[in-house]
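S.K.: Data file my_file-v2.csv (CSV, C-alpha atoms) is appended below.
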chain,number,residue,atom,x,y,z
A,113,MET,CA,140.4,153.0,35.5
A,114,PRO,CA,142.7,153.4,32.5
A,115,GLY,CA,144.2,150.3,31.1
A,116,ARG,CA,141.7,148.0,32.8
A,117,TYR,CA,139.5,147.6,29.8
A,118,SER,CA,140.4,147.8,26.1
A,119,SER,CA,137.9,149.5,23.9
A,120,CYS,CA,136.5,146.1,22.9
A,121,GLU,CA,136.0,145.0,26.5
A,122,LEU,CA,133.8,147.7,27.9
A,123,PRO,CA,132.1,146.6,31.1
A,124,VAL,CA,128.6,145.4,30.5
A,125,LYS,CA,125.9,145.6,33.1
A,126,LYS,CA,125.2,142.1,34.5
A,127,THR,CA,121.6,141.2,34.2
A,128,ARG,CA,121.9,137.6,35.7
A,129,ARG,CA,119.5,136.8,32.9
A,130,SER,CA,121.6,134.0,31.5
A,131,SER,CA,121.8,132.3,34.9
A,132,LEU,CA,118.0,131.9,35.1
A,133,ARG,CA,116.8,128.9,33.2
A,134,ASN,CA,113.5,127.2,32.9
A,135,ARG,CA,113.5,124.2,35.3
A,136,LEU,CA,111.2,121.3,35.7
A,137,TYR,CA,111.2,119.5,39.1
A,138,PRO,CA,109.3,116.3,38.3
A,139,PHE,CA,107.3,114.7,41.1
A,140,GLN,CA,108.7,111.3,41.7
A,141,GLY,CA,105.9,109.9,43.8
A,142,ASN,CA,106.2,109.4,47.6
A,143,PHE,CA,106.3,113.3,47.9
A,144,VAL,CA,109.8,113.9,46.7
A,145,TRP,CA,110.8,116.0,43.7
A,146,LYS,CA,113.8,115.3,41.4
A,147,GLY,CA,116.4,117.9,42.1
A,148,ILE,CA,115.1,118.9,45.5
A,149,ARG,CA,116.7,118.0,48.8
A,150,VAL,CA,114.9,116.8,51.9
A,151,GLU,CA,116.1,118.9,54.8
A,152,ARG,CA,115.6,119.5,58.5
A,153,TYR,CA,112.6,121.7,59.3
A,154,LYS,CA,114.9,124.2,61.1
A,155,PRO,CA,118.6,124.2,61.9
A,156,SER,CA,117.9,124.1,65.7
A,157,GLY,CA,115.2,124.3,68.3
A,158,ASP,CA,113.3,121.9,70.4
A,159,ASP,CA,109.8,123.2,69.9
A,160,TRP,CA,109.1,121.1,66.9
A,161,SER,CA,109.1,117.3,66.1
A,162,GLU,CA,108.9,114.9,63.2
A,163,ILE,CA,108.8,117.4,60.5
A,164,ILE,CA,110.9,117.9,57.3
A,165,ARG,CA,111.2,120.6,54.6
A,166,GLN,CA,111.8,120.7,50.9
A,167,THR,CA,112.5,124.1,49.4
A,168,ILE,CA,111.3,123.7,45.8
A,169,ILE,CA,111.4,127.4,44.7
A,170,GLY,CA,113.5,130.0,46.4
A,171,ASN,CA,117.1,128.7,46.8
A,172,HIS,CA,118.1,127.9,43.2
A,173,GLY,CA,118.8,131.5,42.2
A,174,GLU,CA,115.3,132.5,41.3
A,175,ARG,CA,114.3,136.1,41.7
A,176,THR,CA,110.7,135.5,42.7
A,177,ASP,CA,109.3,137.5,45.6
A,178,PHE,CA,108.1,134.2,47.1
A,179,GLU,CA,109.3,130.8,48.1
A,180,LEU,CA,107.5,127.5,47.7
A,181,ARG,CA,108.3,124.9,50.3
A,182,TYR,CA,106.9,121.4,51.0
A,183,PHE,CA,106.7,120.3,54.6
A,184,GLU,CA,105.7,116.9,55.9
A,185,ILE,CA,104.8,116.0,59.4
A,186,ARG,CA,104.8,112.4,60.6
A,187,PRO,CA,102.0,111.1,62.9
A,188,GLY,CA,102.3,112.9,66.3
A,189,GLY,CA,104.7,115.6,64.9
A,190,TYR,CA,104.3,119.3,64.9
A,191,SER,CA,105.8,122.6,63.8
A,192,SER,CA,107.0,125.4,66.1
A,193,LEU,CA,104.3,127.4,67.8
A,194,GLU,CA,105.2,130.9,66.6
A,195,THR,CA,104.1,134.2,65.3
A,196,HIS,CA,105.4,136.7,62.7
A,197,ARG,CA,104.3,139.6,60.6
A,198,HIS,CA,104.5,137.7,57.3
A,199,GLU,CA,101.7,135.7,55.9
A,200,HIS,CA,101.5,132.0,55.1
A,201,VAL,CA,99.6,130.3,52.4
A,202,VAL,CA,99.2,126.6,53.2
A,203,ILE,CA,97.9,124.0,50.6
A,204,GLY,CA,97.1,120.5,51.8
A,205,ILE,CA,98.8,117.9,49.6
A,206,ARG,CA,99.2,114.6,51.5
A,207,GLY,CA,96.9,113.2,54.1
A,208,ARG,CA,95.2,115.4,56.6
A,209,GLY,CA,96.4,117.6,59.5
A,210,CYS,CA,95.5,120.4,61.8
A,211,VAL,CA,96.5,124.0,62.2
A,212,ARG,CA,96.3,125.9,65.5
A,213,LEU,CA,95.3,129.5,64.8
A,214,ASN,CA,95.4,131.6,68.0
A,215,ARG,CA,92.7,129.8,70.1
A,216,ARG,CA,91.0,128.0,67.2
A,217,ASP,CA,91.9,124.8,65.3
A,218,VAL,CA,91.2,124.0,61.7
A,219,GLU,CA,91.5,120.8,59.7
A,220,ILE,CA,93.4,120.8,56.4
A,221,GLY,CA,92.9,118.1,53.7
A,222,PHE,CA,93.8,117.6,50.1
A,223,LEU,CA,93.9,121.0,48.2
A,224,ASP,CA,92.4,123.0,51.0
A,225,VAL,CA,94.0,126.4,51.0
A,226,LEU,CA,94.6,128.2,54.3
A,227,TYR,CA,95.6,131.9,54.5
A,228,ILE,CA,97.3,132.6,57.8
A,229,ALA,CA,97.1,136.3,58.6
A,230,PRO,CA,99.9,138.4,60.1
A,231,HIS,CA,100.6,138.0,63.9
A,232,THR,CA,98.6,134.8,64.2
A,233,VAL,CA,100.0,132.4,66.8
A,234,HIS,CA,100.0,129.2,64.8
A,235,ARG,CA,101.3,125.6,64.7
A,236,LEU,CA,100.7,122.8,62.2
A,237,TYR,CA,100.4,119.3,63.7
A,238,ASN,CA,99.5,115.8,62.8
A,239,PRO,CA,97.2,113.9,65.1
A,240,HIS,CA,96.5,111.2,62.5
A,241,ASN,CA,98.1,107.9,61.5
A,242,GLU,CA,99.4,108.9,58.1
A,243,PRO,CA,101.9,111.6,57.1
A,244,PHE,CA,100.5,115.1,56.7
A,245,GLY,CA,102.2,117.0,53.8
A,246,PHE,CA,101.5,120.6,52.6
A,247,PHE,CA,102.9,123.3,50.5
A,248,CYS,CA,103.6,126.6,52.2
A,249,ILE,CA,104.2,129.8,50.2
A,250,VAL,CA,105.8,132.8,51.9
A,251,ASP,CA,107.3,136.1,50.9
A,252,SER,CA,111.0,135.9,50.2
A,253,LYS,CA,111.6,139.0,52.3
A,254,ARG,CA,110.0,138.3,55.6
A,255,ASP,CA,110.5,138.8,59.3
A,256,ARG,CA,111.9,136.2,61.6
A,257,PRO,CA,109.4,134.0,63.4
A,258,ARG,CA,109.0,134.6,67.1
A,259,PRO,CA,108.6,131.5,69.2
A,260,VAL,CA,105.7,131.4,71.6
A,261,ARG,CA,106.1,129.5,74.8
A,262,ARG,CA,103.1,128.0,76.5
B,192,MET,CA,95.4,170.8,62.8
B,193,PRO,CA,94.2,172.4,66.1
B,194,GLY,CA,90.9,171.3,67.4
B,195,ARG,CA,90.7,168.2,65.2
B,196,TYR,CA,91.9,165.8,67.8
B,197,SER,CA,91.6,166.1,71.6
B,198,SER,CA,94.6,165.0,73.6
B,199,CYS,CA,93.0,161.6,74.0
B,200,GLU,CA,92.4,161.0,70.4
B,201,LEU,CA,95.8,161.3,68.8
B,202,PRO,CA,95.9,160.0,65.3
B,203,VAL,CA,97.1,156.4,65.2
B,204,LYS,CA,98.9,154.9,62.2
B,205,LYS,CA,96.6,152.6,60.5
B,206,THR,CA,98.1,149.1,60.1
B,207,ARG,CA,95.1,147.4,58.3
B,208,ARG,CA,95.9,144.6,60.7
B,209,SER,CA,92.4,144.1,61.8
B,210,SER,CA,91.2,143.7,58.3
B,211,LEU,CA,93.4,140.7,57.7
B,212,ARG,CA,91.9,137.5,59.0
B,213,ASN,CA,92.8,133.8,58.8
B,214,ARG,CA,90.8,132.3,56.0
B,215,LEU,CA,90.2,128.7,54.9
B,216,TYR,CA,89.2,128.0,51.3
B,217,PRO,CA,88.0,124.4,51.4
B,218,PHE,CA,88.5,122.3,48.3
B,219,GLN,CA,85.1,121.2,47.3
B,220,GLY,CA,86.0,118.5,44.7
B,221,ASN,CA,85.8,119.1,41.0
B,222,PHE,CA,88.5,121.7,41.3
B,223,VAL,CA,86.6,124.5,42.9
B,224,TRP,CA,87.2,126.1,46.2
B,225,LYS,CA,84.6,127.5,48.6
B,226,GLY,CA,84.7,131.3,48.5
B,227,ILE,CA,86.6,131.5,45.2
B,228,ARG,CA,85.0,132.6,41.9
B,229,VAL,CA,85.6,131.0,38.6
B,230,GLU,CA,86.6,133.7,36.1
B,231,ARG,CA,87.6,134.4,32.5
B,232,TYR,CA,91.2,133.7,31.9
B,233,LYS,CA,91.7,137.3,30.6
B,234,PRO,CA,89.2,140.2,30.1
B,235,SER,CA,89.9,140.2,26.4
B,236,GLY,CA,92.1,138.8,23.6
B,237,ASP,CA,91.7,136.1,21.0
B,238,ASP,CA,95.0,134.3,21.4
B,239,TRP,CA,93.7,131.9,24.1
B,240,SER,CA,90.9,129.3,24.2
B,241,GLU,CA,89.0,127.1,26.7
B,242,ILE,CA,90.8,128.3,29.8
B,243,ILE,CA,89.5,129.6,33.1
B,244,ARG,CA,91.0,131.2,36.1
B,245,GLN,CA,90.4,131.2,39.9
B,246,THR,CA,92.4,133.6,42.0
B,247,ILE,CA,92.7,131.9,45.4
B,248,ILE,CA,95.2,134.3,47.0
B,249,GLY,CA,95.8,137.9,45.9
B,250,ASN,CA,92.5,139.7,45.6
B,251,HIS,CA,91.0,139.3,49.1
B,252,GLY,CA,93.0,142.1,50.7
B,253,GLU,CA,96.1,140.0,51.4
B,254,ARG,CA,99.5,141.8,51.7
B,255,THR,CA,101.5,138.9,50.2
B,256,ASP,CA,104.1,139.6,47.6
B,257,PHE,CA,102.6,136.8,45.5
B,258,GLU,CA,99.4,135.6,44.1
B,259,LEU,CA,98.1,132.0,43.9
B,260,ARG,CA,95.9,131.2,40.9
B,261,TYR,CA,94.4,128.0,39.6
B,262,PHE,CA,93.9,127.7,35.9
B,263,GLU,CA,92.2,125.0,34.0
B,264,ILE,CA,92.4,124.2,30.3
B,265,ARG,CA,89.9,122.1,28.5
B,266,PRO,CA,90.9,119.5,25.9
B,267,GLY,CA,92.2,121.5,22.9
B,268,GLY,CA,92.6,124.7,24.8
B,269,TYR,CA,95.6,126.9,25.4
B,270,SER,CA,96.8,130.1,27.1
B,271,SER,CA,98.3,133.1,25.4
B,272,LEU,CA,101.7,132.8,23.8
B,273,GLU,CA,103.5,135.5,25.6
B,274,THR,CA,106.7,136.7,27.3
B,275,HIS,CA,107.4,138.9,30.3
B,276,ARG,CA,110.1,139.7,32.8
B,277,HIS,CA,108.3,138.1,35.8
B,278,GLU,CA,108.7,134.5,36.6
B,279,HIS,CA,106.0,131.8,36.8
B,280,VAL,CA,105.9,128.8,39.1
B,281,VAL,CA,103.5,126.2,37.8
B,282,ILE,CA,102.3,123.1,39.7
B,283,GLY,CA,100.4,120.4,37.9
B,284,ILE,CA,97.2,119.6,39.8
B,285,ARG,CA,94.6,118.0,37.5
B,286,GLY,CA,95.3,115.7,34.5
B,287,ARG,CA,98.2,116.4,32.3
B,288,GLY,CA,99.2,119.2,29.9
B,289,CYS,CA,102.0,120.7,28.0
B,290,VAL,CA,104.1,123.9,28.2
B,291,ARG,CA,105.8,125.5,25.3
B,292,LEU,CA,109.1,127.1,26.5
B,293,ASN,CA,110.8,129.0,23.7
B,294,ARG,CA,111.4,126.2,21.2
B,295,ARG,CA,111.0,123.3,23.6
B,296,ASP,CA,107.9,121.6,25.0
B,297,VAL,CA,107.6,119.9,28.4
B,298,GLU,CA,104.9,117.8,29.8
B,299,ILE,CA,103.4,118.6,33.2
B,300,GLY,CA,101.6,116.0,35.4
B,301,PHE,CA,100.4,115.8,39.0
B,302,LEU,CA,102.6,117.8,41.4
B,303,ASP,CA,105.3,118.4,38.8
B,304,VAL,CA,106.7,121.9,39.5
B,305,LEU,CA,107.9,124.1,36.6
B,306,TYR,CA,109.9,127.3,37.0
B,307,ILE,CA,109.5,129.5,34.0
B,308,ALA,CA,112.4,132.0,33.8
B,309,PRO,CA,112.1,135.7,32.8
B,310,HIS,CA,111.7,136.5,29.1
B,311,THR,CA,110.7,132.9,28.1
B,312,VAL,CA,108.2,132.8,25.3
B,313,HIS,CA,105.7,130.4,26.7
B,314,ARG,CA,102.2,128.9,26.4
B,315,LEU,CA,100.3,126.2,28.3
B,316,TYR,CA,98.1,123.9,26.3
B,317,ASN,CA,96.1,120.7,26.6
B,318,PRO,CA,96.4,118.1,23.9
B,319,HIS,CA,94.7,115.4,26.0
B,320,ASN,CA,91.1,114.3,26.5
B,321,GLU,CA,90.8,115.4,30.1
B,322,PRO,CA,91.0,118.8,31.7
B,323,PHE,CA,94.4,120.1,32.6
B,324,GLY,CA,94.5,122.1,35.8
B,325,PHE,CA,97.5,123.8,37.5
B,326,PHE,CA,98.4,126.3,40.2
B,327,CYS,CA,100.4,129.3,38.9
B,328,ILE,CA,102.2,131.5,41.5
B,329,VAL,CA,103.5,134.9,40.4
B,330,ASP,CA,104.8,138.0,42.1
B,331,SER,CA,102.1,140.5,43.0
B,332,LYS,CA,104.1,143.3,41.4
B,333,ARG,CA,104.9,142.2,37.9
B,334,ASP,CA,105.3,143.5,34.4
B,335,ARG,CA,102.5,143.2,31.9
B,336,PRO,CA,102.8,140.2,29.6
B,337,ARG,CA,103.7,140.9,26.0
B,338,PRO,CA,101.8,138.8,23.4
B,339,VAL,CA,103.9,137.0,20.8
B,340,ARG,CA,102.4,136.6,17.3
B,341,ARG,CA,103.5,133.6,15.3
Go ahead and express the file in the form of structure tokens.

M.R.:
Amino acid sequence: MPGRYSSCELPVKKTRRSSLRNRLYPFQGNFVWKGIRVERYKPSGDDWSEIIRQTIIGNHGERTDFELRYFEIRPGGYSSLETHRHEHVVIGIRGRGCVRLNRRDVEIGFLDVLYIAPHTVHRLYNPHNEPFGFFCIVDSKRDRPRPVRR
Amino acid sequence: MPGRYSSCELPVKKTRRSSLRNRLYPFQGNFVWKGIRVERYKPSGDDWSEIIRQTIIGNHGERTDFELRYFEIRPGGYSSLETHRHEHVVIGIRGRGCVRLNRRDVEIGFLDVLYIAPHTVHRLYNPHNEPFGFFCIVDSKRDRPRPVRR
């Protein structure tokens, strides 16, 4: 491309390195983090109720192979009943809640860690009187969840 | 390979699917998890002190693109001063501690989330009188840390 670059302006491979900065997301109490938005659980669907999402790591330009999200389910609420190939790692953070795993249910409390294997039909739900909050870590590249109707 | 398989025993692609099971690692208080071993921080080295590791997700046959580890630093202890291309996500869990990030220091407390960008020279340390414990999430495939001598 003659004329596009002078000899002092040779194109340099972009590394994106400069755009990645150390970032602290301080916990502000009440299970919100400074700099993180509280969002709908999913853009659409009617197979979930009373659940919100905060994506802490994964949508600020990071190059990690994973995302860290915080979900919170109000009393009586639940996530979609679904299955997918990708795995979930769930860490109990606030209150207590339950997880349906195929035909089994497990209870999750503070700092319990649950590994959900591929192709498990699962749903998280809150049968208690206090909010149930948890971290969920997933691969950045993952298959789309498939809803399960019952 | 004639004769190796009858027509009813065609080779089937192995998916390892059956070896992956849902697993709960209950938090047992005192920052240990049932089914998880407490290990040395690193097999060798003299640039770290008073720090232990528990790998919760990543060495039990999971196929996740990430690992979840819990580290704990006793009062006065510290991790290696090092740098690498891969990113860290640190979540404060127990007590408080500090993180050196190039020439800056940040304080980490309960549920604060810190993103450490590629190529940051960093060290975690505990100048306080109580243990400092944190989750650290990393990519499964990552470059080897490079120690920094000062």

S.K.: Mind doing a quick least-squares superposition of chain A onto chain B, all C-alpha atoms paired one-to-one in order, and writing it out as a PDB file with C-alpha atoms, in the frame of the given file?

M.R.:
ATOM      1  CA  MET A 113      94.945 170.914  62.583  1.00  0.00           C
ATOM      2  CA  PRO A 114      93.543 172.393  65.792  1.00  0.00           C
ATOM      3  CA  GLY A 115      90.150 171.277  66.822  1.00  0.00           C
ATOM      4  CA  ARG A 116      90.186 168.207  64.584  1.00  0.00           C
ATOM      5  CA  TYR A 117      91.164 165.816  67.291  1.00  0.00           C
ATOM      6  CA  SER A 118      90.497 166.007  71.040  1.00  0.00           C
ATOM      7  CA  SER A 119      93.291 164.880  73.256  1.00  0.00           C
ATOM      8  CA  CYS A 120      91.616 161.475  73.601  1.00  0.00           C
ATOM      9  CA  GLU A 121      91.339 160.984  69.846  1.00  0.00           C
ATOM     10  CA  LEU A 122      94.896 161.320  68.695  1.00  0.00           C
ATOM     11  CA  PRO A 123      95.389 159.869  65.232  1.00  0.00           C
ATOM     12  CA  VAL A 124      96.772 156.387  65.343  1.00  0.00           C
ATOM     13  CA  LYS A 125      98.863 154.932  62.586  1.00  0.00           C
ATOM     14  CA  LYS A 126      96.793 152.379  60.612  1.00  0.00           C
ATOM     15  CA  THR A 127      98.484 149.066  60.465  1.00  0.00           C
ATOM     16  CA  ARG A 128      95.684 147.209  58.462  1.00  0.00           C
ATOM     17  CA  ARG A 129      96.506 144.443  60.893  1.00  0.00           C
ATOM     18  CA  SER A 130      92.941 143.968  62.020  1.00  0.00           C
ATOM     19  CA  SER A 131      91.740 143.578  58.429  1.00  0.00           C
ATOM     20  CA  LEU A 132      93.967 140.521  57.849  1.00  0.00           C
ATOM     21  CA  ARG A 133      92.405 137.375  59.159  1.00  0.00           C
ATOM     22  CA  ASN A 134      93.299 133.768  58.915  1.00  0.00           C
ATOM     23  CA  ARG A 135      91.200 132.224  56.092  1.00  0.00           C
ATOM     24  CA  LEU A 136      90.578 128.702  55.059  1.00  0.00           C
ATOM     25  CA  TYR A 137      89.435 128.098  51.436  1.00  0.00           C
ATOM     26  CA  PRO A 138      88.252 124.483  51.572  1.00  0.00           C
ATOM     27  CA  PHE A 139      88.546 122.419  48.401  1.00  0.00           C
ATOM     28  CA  GLN A 140      85.114 121.364  47.407  1.00  0.00           C
ATOM     29  CA  GLY A 141      86.045 118.718  44.889  1.00  0.00           C
ATOM     30  CA  ASN A 142      85.699 119.244  41.096  1.00  0.00           C
ATOM     31  CA  PHE A 143      88.566 121.888  41.407  1.00  0.00           C
ATOM     32  CA  VAL A 144      86.628 124.686  42.976  1.00  0.00           C
ATOM     33  CA  TRP A 145      87.357 126.295  46.336  1.00  0.00           C
ATOM     34  CA  LYS A 146      84.712 127.700  48.747  1.00  0.00           C
ATOM     35  CA  GLY A 147      84.977 131.432  48.676  1.00  0.00           C
ATOM     36  CA  ILE A 148      86.788 131.670  45.372  1.00  0.00           C
ATOM     37  CA  ARG A 149      85.253 132.823  42.120  1.00  0.00           C
ATOM     38  CA  VAL A 150      85.732 131.217  38.732  1.00  0.00           C
ATOM     39  CA  GLU A 151      86.681 133.945  36.300  1.00  0.00           C
ATOM     40  CA  ARG A 152      87.680 134.569  32.707  1.00  0.00           C
ATOM     41  CA  TYR A 153      91.357 133.888  32.003  1.00  0.00           C
ATOM     42  CA  LYS A 154      91.812 137.513  30.808  1.00  0.00           C
ATOM     43  CA  PRO A 155      89.412 140.402  30.333  1.00  0.00           C
ATOM     44  CA  SER A 156      90.027 140.441  26.518  1.00  0.00           C
ATOM     45  CA  GLY A 157      92.118 138.986  23.760  1.00  0.00           C
ATOM     46  CA  ASP A 158      91.706 136.365  21.164  1.00  0.00           C
ATOM     47  CA  ASP A 159      94.963 134.515  21.560  1.00  0.00           C
ATOM     48  CA  TRP A 160      93.677 132.143  24.133  1.00  0.00           C
ATOM     49  CA  SER A 161      90.789 129.555  24.338  1.00  0.00           C
ATOM     50  CA  GLU A 162      88.954 127.378  26.808  1.00  0.00           C
ATOM     51  CA  ILE A 163      90.728 128.475  29.841  1.00  0.00           C
ATOM     52  CA  ILE A 164      89.522 129.836  33.246  1.00  0.00           C
ATOM     53  CA  ARG A 165      91.181 131.360  36.344  1.00  0.00           C
ATOM     54  CA  GLN A 166      90.638 131.263  40.052  1.00  0.00           C
ATOM     55  CA  THR A 167      92.627 133.735  42.110  1.00  0.00           C
ATOM     56  CA  ILE A 168      92.908 131.990  45.491  1.00  0.00           C
ATOM     57  CA  ILE A 169      95.542 134.275  47.150  1.00  0.00           C
ATOM     58  CA  GLY A 170      96.197 137.799  46.052  1.00  0.00           C
ATOM     59  CA  ASN A 171      92.868 139.708  45.763  1.00  0.00           C
ATOM     60  CA  HIS A 172      91.394 139.343  49.270  1.00  0.00           C
ATOM     61  CA  GLY A 173      93.562 142.027  50.865  1.00  0.00           C
ATOM     62  CA  GLU A 174      96.571 139.917  51.609  1.00  0.00           C
ATOM     63  CA  ARG A 175      99.948 141.565  51.682  1.00  0.00           C
ATOM     64  CA  THR A 176     101.941 138.659  50.302  1.00  0.00           C
ATOM     65  CA  ASP A 177     104.535 139.386  47.635  1.00  0.00           C
ATOM     66  CA  PHE A 178     102.951 136.605  45.551  1.00  0.00           C
ATOM     67  CA  GLU A 179      99.675 135.467  44.146  1.00  0.00           C
ATOM     68  CA  LEU A 180      98.375 131.927  43.882  1.00  0.00           C
ATOM     69  CA  ARG A 181      96.058 131.271  40.991  1.00  0.00           C
ATOM     70  CA  TYR A 182      94.409 128.081  39.647  1.00  0.00           C
ATOM     71  CA  PHE A 183      93.934 127.813  35.917  1.00  0.00           C
ATOM     72  CA  GLU A 184      92.131 125.084  34.032  1.00  0.00           C
ATOM     73  CA  ILE A 185      92.263 124.408  30.372  1.00  0.00           C
ATOM     74  CA  ARG A 186      89.643 122.279  28.638  1.00  0.00           C
ATOM     75  CA  PRO A 187      90.661 119.731  25.938  1.00  0.00           C
ATOM     76  CA  GLY A 188      92.011 121.677  22.892  1.00  0.00           C
ATOM     77  CA  GLY A 189      92.358 124.980  24.887  1.00  0.00           C
ATOM     78  CA  TYR A 190      95.388 127.074  25.420  1.00  0.00           C
ATOM     79  CA  SER A 191      96.797 130.143  27.136  1.00  0.00           C
ATOM     80  CA  SER A 192      98.233 133.225  25.402  1.00  0.00           C
ATOM     81  CA  LEU A 193     101.616 132.786  23.807  1.00  0.00           C
ATOM     82  CA  GLU A 194     103.565 135.521  25.601  1.00  0.00           C
ATOM     83  CA  THR A 195     106.682 136.620  27.294  1.00  0.00           C
ATOM     84  CA  HIS A 196     107.536 138.777  30.347  1.00  0.00           C
ATOM     85  CA  ARG A 197     110.307 139.486  32.766  1.00  0.00           C
ATOM     86  CA  HIS A 198     108.557 137.864  35.741  1.00  0.00           C
ATOM     87  CA  GLU A 199     108.831 134.254  36.576  1.00  0.00           C
ATOM     88  CA  HIS A 200     106.150 131.582  36.779  1.00  0.00           C
ATOM     89  CA  VAL A 201     105.975 128.624  39.016  1.00  0.00           C
ATOM     90  CA  VAL A 202     103.521 126.066  37.628  1.00  0.00           C
ATOM     91  CA  ILE A 203     102.283 122.989  39.679  1.00  0.00           C
ATOM     92  CA  GLY A 204     100.267 120.328  37.894  1.00  0.00           C
ATOM     93  CA  ILE A 205      97.068 119.553  39.805  1.00  0.00           C
ATOM     94  CA  ARG A 206      94.450 118.031  37.462  1.00  0.00           C
ATOM     95  CA  GLY A 207      95.080 115.840  34.493  1.00  0.00           C
ATOM     96  CA  ARG A 208      97.998 116.406  32.225  1.00  0.00           C
ATOM     97  CA  GLY A 209      99.022 119.200  29.809  1.00  0.00           C
ATOM     98  CA  CYS A 210     101.847 120.717  27.898  1.00  0.00           C
ATOM     99  CA  VAL A 211     103.901 123.855  28.140  1.00  0.00           C
ATOM    100  CA  ARG A 212     105.650 125.477  25.165  1.00  0.00           C
ATOM    101  CA  LEU A 213     108.961 126.943  26.322  1.00  0.00           C
ATOM    102  CA  ASN A 214     110.655 128.902  23.502  1.00  0.00           C
ATOM    103  CA  ARG A 215     111.221 126.072  20.930  1.00  0.00           C
ATOM    104  CA  ARG A 216     110.827 123.165  23.366  1.00  0.00           C
ATOM    105  CA  ASP A 217     107.727 121.455  24.822  1.00  0.00           C
ATOM    106  CA  VAL A 218     107.377 119.823  28.185  1.00  0.00           C
ATOM    107  CA  GLU A 219     104.667 117.650  29.688  1.00  0.00           C
ATOM    108  CA  ILE A 220     103.214 118.522  33.098  1.00  0.00           C
ATOM    109  CA  GLY A 221     101.365 115.960  35.300  1.00  0.00           C
ATOM    110  CA  PHE A 222     100.181 115.715  38.844  1.00  0.00           C
ATOM    111  CA  LEU A 223     102.543 117.675  41.244  1.00  0.00           C
ATOM    112  CA  ASP A 224     105.198 118.310  38.667  1.00  0.00           C
ATOM    113  CA  VAL A 225     106.681 121.700  39.324  1.00  0.00           C
ATOM    114  CA  LEU A 226     107.826 123.853  36.401  1.00  0.00           C
ATOM    115  CA  TYR A 227     109.942 127.023  36.856  1.00  0.00           C
ATOM    116  CA  ILE A 228     109.538 129.285  33.858  1.00  0.00           C
ATOM    117  CA  ALA A 229     112.484 131.659  33.621  1.00  0.00           C
ATOM    118  CA  PRO A 230     112.290 135.349  32.702  1.00  0.00           C
ATOM    119  CA  HIS A 231     111.755 136.238  28.959  1.00  0.00           C
ATOM    120  CA  THR A 232     110.704 132.729  28.004  1.00  0.00           C
ATOM    121  CA  VAL A 233     108.139 132.649  25.195  1.00  0.00           C
ATOM    122  CA  HIS A 234     105.627 130.251  26.673  1.00  0.00           C
ATOM    123  CA  ARG A 235     102.070 128.877  26.330  1.00  0.00           C
ATOM    124  CA  LEU A 236     100.225 126.209  28.311  1.00  0.00           C
ATOM    125  CA  TYR A 237      97.897 123.970  26.272  1.00  0.00           C
ATOM    126  CA  ASN A 238      95.822 120.889  26.546  1.00  0.00           C
ATOM    127  CA  PRO A 239      96.060 118.326  23.796  1.00  0.00           C
ATOM    128  CA  HIS A 240      94.350 115.632  25.882  1.00  0.00           C
ATOM    129  CA  ASN A 241      90.765 114.526  26.496  1.00  0.00           C
ATOM    130  CA  GLU A 242      90.450 115.582  30.107  1.00  0.00           C
ATOM    131  CA  PRO A 243      90.755 119.025  31.717  1.00  0.00           C
ATOM    132  CA  PHE A 244      94.274 120.178  32.529  1.00  0.00           C
ATOM    133  CA  GLY A 245      94.396 122.196  35.819  1.00  0.00           C
ATOM    134  CA  PHE A 246      97.479 123.803  37.493  1.00  0.00           C
ATOM    135  CA  PHE A 247      98.446 126.246  40.093  1.00  0.00           C
ATOM    136  CA  CYS A 248     100.551 129.180  38.984  1.00  0.00           C
ATOM    137  CA  ILE A 249     102.427 131.366  41.495  1.00  0.00           C
ATOM    138  CA  VAL A 250     103.712 134.777  40.416  1.00  0.00           C
ATOM    139  CA  ASP A 251     105.127 137.863  42.033  1.00  0.00           C
ATOM    140  CA  SER A 252     102.488 140.375  43.004  1.00  0.00           C
ATOM    141  CA  LYS A 253     104.534 143.171  41.463  1.00  0.00           C
ATOM    142  CA  ARG A 254     105.266 142.070  37.971  1.00  0.00           C
ATOM    143  CA  ASP A 255     105.529 143.375  34.447  1.00  0.00           C
ATOM    144  CA  ARG A 256     102.797 143.116  31.902  1.00  0.00           C
ATOM    145  CA  PRO A 257     102.913 140.127  29.582  1.00  0.00           C
ATOM    146  CA  ARG A 258     103.847 140.826  25.997  1.00  0.00           C
ATOM    147  CA  PRO A 259     101.920 138.870  23.420  1.00  0.00           C
ATOM    148  CA  VAL A 260     103.906 137.040  20.797  1.00  0.00           C
ATOM    149  CA  ARG A 261     102.412 136.636  17.389  1.00  0.00           C
ATOM    150  CA  ARG A 262     103.377 133.711  15.232  1.00  0.00           C
TER     151      ARG A 262
END

S.K.: What is the distance between CA of Leu302 (chain B) and CA of Gly204 (chain A), in Å to one decimal?

M.R.: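 According to the coordinates, CA of Leu302 (chain B) and CA of Gly204 (chain A) are separated by 12.1 Å.
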
S.K.: So which residues touch region 138-155 of chain A within 6 Å, counting all atoms listed in the file, skipping near sequence neighbours fewer than 2 positions away, as a PyMOL selection string?

M.R.: (chain A and resi 136+163-166) or (chain B and resi 302-303)

S.K.: Find the residue from B:Gly300, B:Glu321, B:Trp239, B:Arg265 that sits nearest to chain A; use all atoms listed in the file when measuring.

M.R.: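 Distance minimum relative to chain A lands on B:Gly300.
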
S.K.: Quick one, how far is CA of Val312 (chain B) from CA of Val339 (chain B)?

M.R.: 7.5 Å

S.K.: Please identify all residues of chain B having at least one atom at most 7 Å from any atom of chain A, considering all atoms listed in the file, and return them as a ChimeraX atom specification.

M.R.: /B:211-218,255-257,278,302-308,330

S.K.: Which residue is closest to Cys289 (chain B)? Choose from B:Ser271, B:Pro266, B:Pro336, B:Asn317 and count all atoms listed in the file.

M.R.: B:Asn317

S.K.: Please indicate the distance in Å from CA of Leu272 (chain B) to CA of Arg285 (chain B), rounded to one decimal place.

M.R.: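 Computing the Euclidean distance for CA of Leu272 (chain B) and CA of Arg285 (chain B) yields 21.4 Å.
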